[in-house]
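Text of the file data.txt, holding compact mmCIF, C-alpha atoms:
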# COMPACT_ATOMS: atom_id res chain seq x y z
CA MET A 1 0.00 0.00 0.00
CA GLN A 2 1.33 3.39 -0.92
CA SER A 3 2.09 5.82 1.86
CA LEU A 4 0.57 9.26 1.90
CA ARG A 5 3.72 10.97 0.73
CA ASP A 6 3.72 8.76 -2.37
CA ARG A 7 0.30 10.03 -3.40
CA PRO A 8 -0.30 13.39 -5.07
CA ARG A 9 -2.40 15.38 -2.60
CA ASN A 10 -3.58 17.99 -5.07
CA PRO A 11 -4.03 16.88 -8.72
CA TRP A 12 -4.22 20.52 -9.85
CA ILE A 13 -0.71 21.11 -8.53
CA VAL A 14 0.52 18.02 -10.37
CA ALA A 15 -1.19 19.15 -13.58
CA GLY A 16 0.24 22.66 -13.25
CA ALA A 17 3.73 21.30 -12.64
CA ALA A 18 3.39 19.02 -15.68
CA PHE A 19 2.27 21.97 -17.82
CA LEU A 20 5.20 24.13 -16.72
CA ALA A 21 7.66 21.28 -17.22
CA GLY A 22 6.33 20.65 -20.73
CA LEU A 23 6.43 24.35 -21.54
CA ILE A 24 10.02 24.71 -20.35
CA LEU A 25 11.10 21.53 -22.13
CA GLY A 26 9.43 22.38 -25.43
CA TRP A 27 10.09 26.11 -25.53
CA LEU A 28 13.44 26.67 -23.86
CA VAL A 29 15.25 23.33 -24.05
CA LEU A 30 14.11 22.14 -27.49
CA GLY A 31 13.33 25.49 -29.12
CA TRP A 32 16.29 27.55 -27.91
CA TRP A 33 18.99 25.04 -27.03
CA ILE A 34 18.74 21.71 -28.87
CA TRP A 35 16.97 22.77 -32.08
CA PRO A 36 17.15 26.57 -32.26
CA VAL A 37 15.68 28.27 -35.35
CA ASP A 38 18.33 29.84 -37.60
CA PHE A 39 17.24 32.25 -40.31
CA ILE A 40 19.69 31.98 -43.23
CA ASP A 41 19.74 32.89 -46.94
CA ALA A 42 16.84 35.32 -46.67
CA THR A 43 15.92 36.86 -50.04
CA PRO A 44 16.25 40.60 -50.77
CA ALA A 45 12.45 40.71 -50.81
CA GLU A 46 12.55 40.43 -46.99
CA LEU A 47 14.62 43.60 -46.57
CA ARG A 48 13.28 46.97 -45.44
CA ALA A 49 12.31 49.41 -48.19
CA ASP A 50 15.47 51.52 -47.81
CA LEU A 51 17.69 48.45 -47.90
CA ARG A 52 15.88 47.15 -50.99
CA ILE A 53 16.66 50.48 -52.69
CA ASP A 54 20.35 50.10 -51.77
CA TYR A 55 20.32 46.56 -53.11
CA LEU A 56 18.73 47.59 -56.43
CA ARG A 57 21.10 50.58 -56.75
CA ALA A 58 24.02 48.18 -56.42
CA ALA A 59 22.46 45.87 -59.04
CA VAL A 60 22.03 48.84 -61.44
CA ASP A 61 25.63 49.93 -60.96
CA SER A 62 26.86 46.36 -61.42
CA PHE A 63 24.96 46.04 -64.70
CA ALA A 64 26.37 49.36 -65.93
CA VAL A 65 29.88 48.02 -65.36
CA THR A 66 29.51 44.36 -66.46
CA GLY A 67 26.64 44.54 -68.95
CA ASP A 68 25.56 41.06 -67.80
CA ALA A 69 21.84 41.14 -68.61
CA ASN A 70 21.10 37.65 -67.24
CA THR A 71 22.62 38.45 -63.83
CA ALA A 72 20.77 41.78 -63.78
CA ARG A 73 17.45 40.03 -64.39
CA GLN A 74 18.14 37.41 -61.70
CA ARG A 75 18.98 40.09 -59.13
CA PHE A 76 15.81 42.00 -59.97
CA ALA A 77 13.70 38.84 -59.74
CA ALA A 78 15.09 38.25 -56.22
CA LEU A 79 13.06 41.28 -55.07
CA GLY A 80 9.88 39.35 -55.78
CA SER A 81 6.60 41.26 -55.77
CA SER A 82 8.32 44.35 -54.30
CA GLY A 83 10.62 44.73 -57.36
CA ALA A 84 8.39 47.15 -59.26
CA GLU A 85 7.83 49.31 -56.17
CA THR A 86 11.54 49.40 -55.38
CA LEU A 87 12.39 50.33 -58.98
CA GLY A 88 9.87 53.17 -58.84
CA LEU A 89 11.44 54.49 -55.62
CA LEU A 90 14.87 54.28 -57.23
CA GLN A 91 13.67 56.28 -60.25
CA ARG A 92 12.53 59.07 -57.91
CA ASP A 93 15.88 59.22 -56.10
CA PRO A 94 17.78 62.33 -57.40
CA SER A 95 21.10 60.92 -56.19
CA VAL A 96 20.92 57.99 -58.64
CA ASP A 97 22.14 58.15 -62.26
CA GLN A 98 18.82 57.83 -64.05
CA GLY A 99 20.59 56.94 -67.29
CA ARG A 100 21.84 53.76 -65.69
CA VAL A 101 18.38 53.11 -64.29
CA SER A 102 16.87 53.47 -67.77
CA GLN A 103 19.39 50.98 -69.19
CA TYR A 104 18.62 48.55 -66.36
CA LEU A 105 14.87 49.03 -66.90
CA SER A 106 15.19 48.12 -70.57
CA VAL A 107 16.68 44.78 -69.56
CA VAL A 108 14.19 43.84 -66.82
CA SER A 109 11.02 45.43 -68.21
CA ASP A 110 9.66 42.12 -69.50
CA ILE A 111 9.69 40.50 -66.02
CA ILE A 112 8.05 43.41 -64.17
CA PRO A 113 4.50 42.30 -63.20
CA THR A 114 1.70 44.47 -64.58
CA GLY A 115 -0.95 43.51 -62.03
CA GLY A 116 1.10 43.66 -58.86
CA GLY A 117 1.82 39.95 -59.08
CA LYS A 118 5.01 38.05 -58.50
CA VAL A 119 8.04 38.76 -60.67
CA THR A 120 8.69 36.01 -63.24
CA PRO A 121 12.26 34.68 -62.95
CA PRO A 122 14.33 35.05 -66.10
CA PRO A 123 14.91 32.00 -68.30
CA GLY A 124 17.81 29.93 -67.13
CA GLY A 125 17.86 31.50 -63.67
CA THR A 126 16.01 31.24 -60.39
CA SER A 127 15.26 33.65 -57.65
CA ALA A 128 17.66 33.75 -54.74
CA PRO A 129 17.26 30.69 -52.53
CA GLY A 130 16.35 31.03 -48.92
CA THR A 131 13.66 30.89 -46.33
CA SER A 132 11.17 33.66 -45.97
CA LEU A 133 11.84 35.40 -42.67
CA LEU A 134 8.21 36.38 -42.28
CA GLY A 135 6.97 32.91 -43.17
CA ALA A 136 9.43 31.27 -40.79
CA THR A 137 8.35 33.59 -37.99
CA ARG A 138 4.70 32.72 -38.55
CA SER A 139 5.56 29.02 -38.60
CA LEU A 140 7.45 29.38 -35.32
CA VAL A 141 4.48 31.10 -33.70
CA LEU A 142 2.10 28.41 -34.96
CA ILE A 143 4.39 25.64 -33.70
CA PHE A 144 4.65 27.31 -30.30
CA LEU A 145 0.87 27.71 -30.05
CA GLY A 146 0.44 24.09 -31.11
CA LEU A 147 2.85 22.91 -28.41
CA CYS A 148 0.96 24.97 -25.83
CA LEU A 149 -2.33 23.44 -26.97
CA VAL A 150 -0.96 19.89 -26.82
CA THR A 151 0.49 20.55 -23.38
CA LEU A 152 -2.86 21.89 -22.15
CA VAL A 153 -4.67 18.84 -23.51
CA LEU A 154 -2.20 16.46 -21.88
CA GLY A 155 -2.46 18.41 -18.64
CA GLY A 156 -6.25 18.13 -18.78
CA VAL A 157 -6.05 14.39 -19.36
CA LEU A 158 -3.67 14.09 -16.42
CA VAL A 159 -6.09 16.02 -14.21
CA LEU A 160 -8.96 13.73 -15.22
CA VAL A 161 -6.88 10.65 -14.46
CA LEU A 162 -5.66 11.92 -11.11
CA ARG A 163 -8.91 13.47 -9.98
CA ARG A 164 -10.65 10.21 -9.34
CA ARG A 165 -11.99 11.54 -6.10
CA ARG A 166 -15.72 11.27 -5.91
CA THR A 167 -16.99 12.59 -2.63
CA THR A 168 -20.70 12.15 -3.17
CA ALA A 169 -22.46 12.43 0.16
CA ALA A 170 -24.99 9.70 0.84
CA GLY A 171 -27.69 9.36 3.47
CA PRO A 172 -28.64 11.68 6.32
CA GLN A 173 -26.20 12.65 9.05
CA PRO A 174 -26.83 11.13 12.50
CA ASN A 175 -28.72 13.31 14.96
CA GLU A 176 -26.82 15.27 17.55
CA GLY A 177 -25.61 13.05 20.36
CA GLN A 178 -26.24 9.83 18.40
CA GLN A 179 -23.47 7.27 18.67
CA PRO A 180 -22.07 5.48 15.59
CA PRO A 181 -22.69 1.80 14.85
CA ALA A 182 -20.75 -1.10 16.30
CA ALA A 183 -16.98 -0.82 16.23
CA GLN A 184 -14.48 -2.94 14.34
CA ALA A 185 -13.70 -6.46 15.44
CA ALA A 186 -10.27 -7.19 16.84
CA PRO A 187 -7.53 -7.95 14.24
CA ALA A 188 -7.69 -11.67 14.97
CA GLU A 189 -11.43 -11.75 14.36
CA ARG A 190 -13.40 -11.34 11.14
CA PRO A 191 -16.16 -8.76 10.86
CA VAL A 192 -19.73 -9.85 11.26
CA GLY A 193 -21.20 -10.87 7.91
CA ALA A 194 -17.86 -11.79 6.35
CA THR A 195 -17.55 -15.20 4.72
CA PRO A 196 -15.18 -17.46 6.66
CA VAL A 197 -12.02 -18.71 5.01
CA PRO A 198 -12.54 -22.26 3.66
CA GLY A 199 -11.07 -24.94 5.89
CA THR A 200 -11.53 -22.99 9.11
CA ALA A 201 -14.29 -23.08 11.67
CA PRO A 202 -16.64 -20.12 11.70
CA LEU A 203 -15.87 -17.57 14.40
CA ALA A 204 -18.48 -16.31 16.74
CA ALA A 205 -19.46 -12.73 16.21
CA ALA A 206 -17.37 -10.53 18.48
CA ALA A 207 -19.19 -8.17 20.76
CA PRO A 208 -19.00 -4.70 19.23
CA GLU A 209 -16.51 -2.41 20.88
CA THR A 210 -18.02 0.74 22.31
CA VAL A 211 -15.84 3.74 21.54
CA ALA A 212 -16.73 7.32 22.24
CA LEU A 213 -16.49 9.23 18.99
CA GLY A 214 -16.03 12.95 18.74
CA GLY A 215 -18.50 15.35 17.15
CA THR A 216 -22.14 14.92 16.29
CA GLY A 217 -21.59 12.60 13.33
CA PRO A 218 -18.96 11.24 10.96
CA LEU A 219 -16.19 13.55 9.89
CA GLU A 220 -16.55 12.49 6.28
CA ARG A 221 -18.76 10.20 4.19
CA PHE A 222 -17.63 8.98 0.77
CA VAL A 223 -19.23 6.77 -1.87
CA THR A 224 -17.16 5.20 -4.65
CA THR A 225 -18.13 2.88 -7.51
CA TYR A 226 -15.97 0.65 -9.66
CA VAL A 227 -17.19 -0.30 -13.14
CA LEU A 228 -15.59 -2.91 -15.38
CA GLY A 229 -13.26 -1.16 -17.83
CA ASP A 230 -11.94 1.42 -15.37
CA ASP A 231 -8.43 -0.04 -15.43
CA LEU A 232 -6.99 2.95 -13.53
CA TYR A 233 -9.56 2.81 -10.75
CA GLU A 234 -8.22 4.13 -7.44
CA ASP A 235 -10.22 6.53 -5.32
CA SER A 236 -8.52 8.34 -2.45
CA PHE A 237 -10.24 10.78 -0.11
CA THR A 238 -8.78 13.42 2.18
CA ILE A 239 -10.00 13.39 5.79
CA ASN A 240 -10.21 16.79 7.47
CA SER A 241 -11.36 17.89 10.90
CA PRO A 242 -14.34 20.27 11.23
CA ALA A 243 -11.74 23.05 11.60
CA GLY A 244 -10.11 22.08 8.31
CA GLU A 245 -7.07 20.30 9.79
CA PHE A 246 -5.69 17.45 7.70
CA LEU A 247 -6.13 14.17 9.60
CA GLY A 248 -5.39 11.49 7.04
CA GLU A 249 -6.72 9.71 3.98
CA CYS A 250 -8.77 6.68 3.04
CA GLY A 251 -9.54 5.02 -0.23
CA VAL A 252 -9.92 1.94 -2.38
CA GLY A 253 -8.03 0.67 -5.43
CA ILE A 254 -7.38 -2.37 -7.60
CA SER A 255 -5.32 -5.03 -5.85
CA GLU A 256 -5.46 -8.20 -8.00
CA GLN A 257 -6.76 -9.28 -11.38
CA VAL A 258 -7.39 -12.62 -13.10
CA GLY A 259 -6.86 -13.59 -16.70
CA VAL A 260 -5.20 -11.46 -19.35
CA GLY A 261 -6.21 -8.82 -21.85
CA GLU A 262 -8.24 -5.67 -21.55
CA PRO A 263 -10.21 -4.54 -19.73
CA LYS A 264 -8.68 -5.79 -16.48
CA LYS A 265 -10.66 -8.52 -14.75
CA VAL A 266 -10.44 -7.34 -11.15
CA THR A 267 -10.80 -10.03 -8.48
CA ALA A 268 -9.68 -8.05 -5.40
CA PHE A 269 -9.68 -4.47 -4.11
CA GLU A 270 -7.64 -2.89 -1.31
CA VAL A 271 -9.50 -0.66 1.14
CA TRP A 272 -7.18 1.40 3.34
CA LEU A 273 -7.14 4.01 6.09
CA PHE A 274 -4.18 6.30 6.76
CA ASP A 275 -3.84 8.31 9.96
CA LYS A 276 -1.17 11.01 10.09
CA ARG A 277 -0.75 10.32 13.82
CA ASP A 278 -0.26 6.58 13.31
CA THR A 279 2.74 4.68 11.99
CA ARG A 280 0.67 2.00 10.28
CA THR A 281 -2.01 1.94 7.60
CA SER A 282 -5.08 -0.19 8.21
CA THR A 283 -5.85 -2.27 5.12
CA TYR A 284 -8.51 -4.80 4.14
CA VAL A 285 -8.76 -6.71 0.85
CA LEU A 286 -12.22 -7.27 -0.62
CA VAL A 287 -12.07 -10.37 -2.82
CA SER A 288 -14.42 -12.18 -5.18
CA GLU A 289 -16.09 -15.46 -4.33
CA TYR A 290 -13.64 -17.23 -6.65
CA ALA A 291 -10.59 -15.67 -4.99
CA MET A 292 -11.91 -16.39 -1.51
CA HIS A 293 -11.88 -20.13 -2.26
CA ARG A 294 -8.43 -20.15 -3.86
CA ASP A 295 -5.63 -20.76 -1.34
CA ASP A 296 -2.95 -19.47 -3.72
CA VAL A 297 -4.77 -16.19 -4.29
CA ARG A 298 -5.51 -15.66 -0.59
CA SER A 299 -1.90 -16.36 0.37
CA ARG A 300 -0.74 -13.85 -2.22
CA LEU A 301 -3.14 -11.20 -0.95
CA ALA A 302 -2.63 -11.84 2.78
CA PRO A 303 0.41 -9.52 3.13
CA ARG A 304 -1.64 -6.65 1.72
CA GLY A 305 -4.40 -6.81 4.33
CA THR A 306 -7.17 -8.84 5.91
CA PRO A 307 -9.10 -10.70 3.15
CA LEU A 308 -12.91 -10.47 3.11
CA GLU A 309 -15.37 -11.71 0.53
CA ALA A 310 -17.20 -8.81 -1.10
CA LEU A 311 -20.90 -9.45 -0.51
CA ALA A 312 -23.65 -6.88 -0.84
CA GLY A 313 -24.49 -5.80 2.70
CA THR A 314 -21.12 -6.71 4.19
CA ASP A 315 -19.70 -4.07 6.51
CA PHE A 316 -16.57 -3.79 8.61
CA TRP A 317 -14.50 -1.28 10.56
CA MET A 318 -10.94 -0.11 10.04
CA GLU A 319 -9.26 1.56 12.99
CA THR A 320 -6.11 3.60 13.55
CA GLN A 321 -4.87 5.63 16.49
CA THR A 322 -7.30 8.53 16.09
CA LEU A 323 -9.67 7.46 13.28
CA LYS A 324 -12.28 4.77 12.62
CA THR A 325 -13.77 4.05 9.22
CA HIS A 326 -16.99 2.13 8.72
CA VAL A 327 -16.99 0.44 5.29
CA GLN A 328 -20.23 -0.83 3.78
CA VAL A 329 -20.47 -2.88 0.58
CA ARG A 330 -23.57 -1.47 -1.07
CA GLU A 331 -23.54 -3.27 -4.42
CA VAL A 332 -21.70 -6.20 -6.00
CA GLN A 333 -22.14 -7.46 -9.55
CA TYR A 334 -19.92 -10.07 -11.19
CA GLY A 335 -18.85 -10.10 -14.82
CA ARG A 336 -19.52 -12.92 -17.24
CA GLY A 337 -17.23 -14.54 -19.75
CA ALA A 338 -14.75 -17.35 -20.28
CA LEU A 339 -13.26 -16.99 -16.80
CA PRO A 340 -14.60 -18.98 -13.82
CA ALA A 341 -17.94 -17.89 -12.41
CA ASN A 342 -17.87 -15.02 -9.87
CA SER A 343 -14.15 -14.50 -10.45
CA PHE A 344 -14.14 -10.82 -11.44
CA PHE A 345 -16.29 -7.80 -10.70
CA ASP A 346 -18.48 -5.99 -13.19
CA ARG A 347 -19.53 -3.34 -10.65
CA MET A 348 -19.01 -2.64 -6.96
CA THR A 349 -20.08 0.29 -4.78
CA LEU A 350 -18.65 1.09 -1.34
CA GLN A 351 -19.51 3.67 1.29
CA LEU A 352 -16.82 4.85 3.71
CA GLU A 353 -17.77 6.78 6.85
CA VAL A 354 -14.89 8.24 8.85
CA TRP A 355 -15.26 8.96 12.57
CA ALA A 356 -12.88 10.61 15.00
CA LYS A 357 -11.93 8.69 18.13
CA SER A 358 -12.02 10.63 21.34
Would it be possible to restate this file's structure as structure tokens?
Amino acid sequence: MQSLRDRPRNPWIVAGAAFLAGLILGWLVLGWWIWPVDFIDATPAELRADLRIDYLRAAVDSFAVTGDANTARQRFAALGSSGAETLGLLQRDPSVDQGRVSQYLSVVSDIIPTGGGKVTPPPGGTSAPGTSLLGATRSLVLIFLGLCLVTLVLGGVLVLVLRRRRTTAAGPQPNEGQQPPAAQAAPAERPVGATPVPGTAPLAAAAPETVALGGTGPLERFVTTYVLGDDLYEDSFTINSPAGEFLGECGVGISEQVGVGEPKKVTAFEVWLFDKRDTRTSTYVLVSEYAMHRDDVRSRLAPRGTPLEALAGTDFWMETQTLKTHVQVREVQYGRGALPANSFFDRMTLQLEVWAKS
């Protein structure tokens, strides 16, 4: 049985920590350290307007010196859809030799778009290779938002898995001054209503122990239901005093299964009570009719707690130094299939009432 410190007390804290860890891992470690984004070989089309003018001025001057029309056309095509605008700005610049601009224009005029479209690369040449800085930035933002969304979804799934605490109150509270039902039998005795272990003589019902309990009723009342297919079933409940002080925890979870495959065929459940002022955890094991009559299964479950056959109406007490928990088996339904009869549960409902010992 897990100790209290091994159990997450607040699933929201666990989910928040998982979200932050995923964010740090994906954003800082992967995005900035292991696989940082490097922007290289950006095209002249990504430059600011003034830098595009400087680039085109240099291309015009180069053409005036070399007379290489093919290179001139390739350099103009590298400006993309902003080529015509940049050429117009260059024509209005009084510091530029407009004669050279006119010569350059005569060479590239056939690749200047007329409808504001993209410049057609010259035959035999391609526009300057590279990755669009703006496009890469948008992709980075989309990837980051996608990682955040995935992390949120995973965090939500984690919360749903961990928050298996169902604290549905059931039944009226006892009237003021009313004492709780009979107390738990001694460890060497089996609770009244429990099926005796095969091969042993039935024990006489022990006289209920009278213990003065604090308050006007139980500190907490919990109801939990297992349904076949809930392979992660484990309900744990926090026990607090009327003043809000943490006193301990109780709960129930899967202990043993039979057969193979999915869903799990559960044949035993552990019911436990933890008291922060006690060094031990009180544990009982509710087993199926099949498991109760199998010596090998009982011997395997014995170290985990006192074995009891789960029968509708069965009730027992678990006791620690300052707490007592009355457990009632409200409903038991067995599954059907190729496995032995009454060997695994289809549905089981328990009620746990926690009382404070004076």
Quiz prompt | A:Asp97 surroundings by all atoms listed in the file, 12 Å radius, close-in-sequence under 5 positions cut, as a ChimeraX atom specification | solution = /A:57-58,60-61,64,90-92,102-104
Self-check item: Coordinates-based distance that separates atom CA of A:Val37 from atom CA of A:Ala21 (Å, one decimal)
Solution: 21.0 Å
Quiz item: Within 12 Å of A:Met348, counting all atoms listed in the file, which residues qualify if same-chain residues fewer than 3 places away don't, as a PyMOL selection string?
Solution: chain A and resi 223-228+230+233+252-254+266-269+286-288+310-313+328-335+344-345+351
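Straight-line separation from atom CA of A:Asn70 to atom CA of A:Asp110: 12.5 Å.
Interatomic distance, atom CA of A:Leu140 to atom CA of A:Glu46: 16.9 Å.
Shortest separation to A:Gly229 among A:Asp278, A:Asp295, A:Glu262, A:Glu319 occurs at residue A:Glu262, atoms counted being only C-alpha atoms.
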Exercise. Measuring atom to atom with all atoms listed in the file, identify which of A:Arg294, A:Arg304, A:Arg336, A:Arg277 is nearest to A:Leu323.
Key: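 Nearest to A:Leu323: A:Arg277.
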Practice problem: Could you check which of A:Asp315, A:Ala49, A:Arg100, A:Gly80 is closest to A:Gly67, using all atoms listed in the file? | Solution: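 Counting all atoms listed in the file, the residue closest to A:Gly67 is A:Arg100.
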Practice problem: Considering all atoms listed in the file, return as JSON, numbers by chain whatever protein or nucleic-acid residues lie within 10 Å of A:Phe144, sequence-local ones (same chain, fewer than 6 positions apart) excluded. | Solution: {"A": [23, 26, 27, 31, 138, 150]}
Quiz item: With only C-alpha atoms as the basis for distance, which of A:Pro307, A:Ile143, A:Asp346, A:Tyr284 is at the shortest distance from A:Asp231?
Solution: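 Nearest candidate to A:Asp231 out of A:Pro307, A:Ile143, A:Asp346, A:Tyr284: A:Asp346.
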Practice problem: May I ask which of the residues A:Asn240, A:Thr306, A:Gln321, A:Ser106 is the closest one to A:Val271, counting only C-alpha atoms? | Solution: A:Thr306
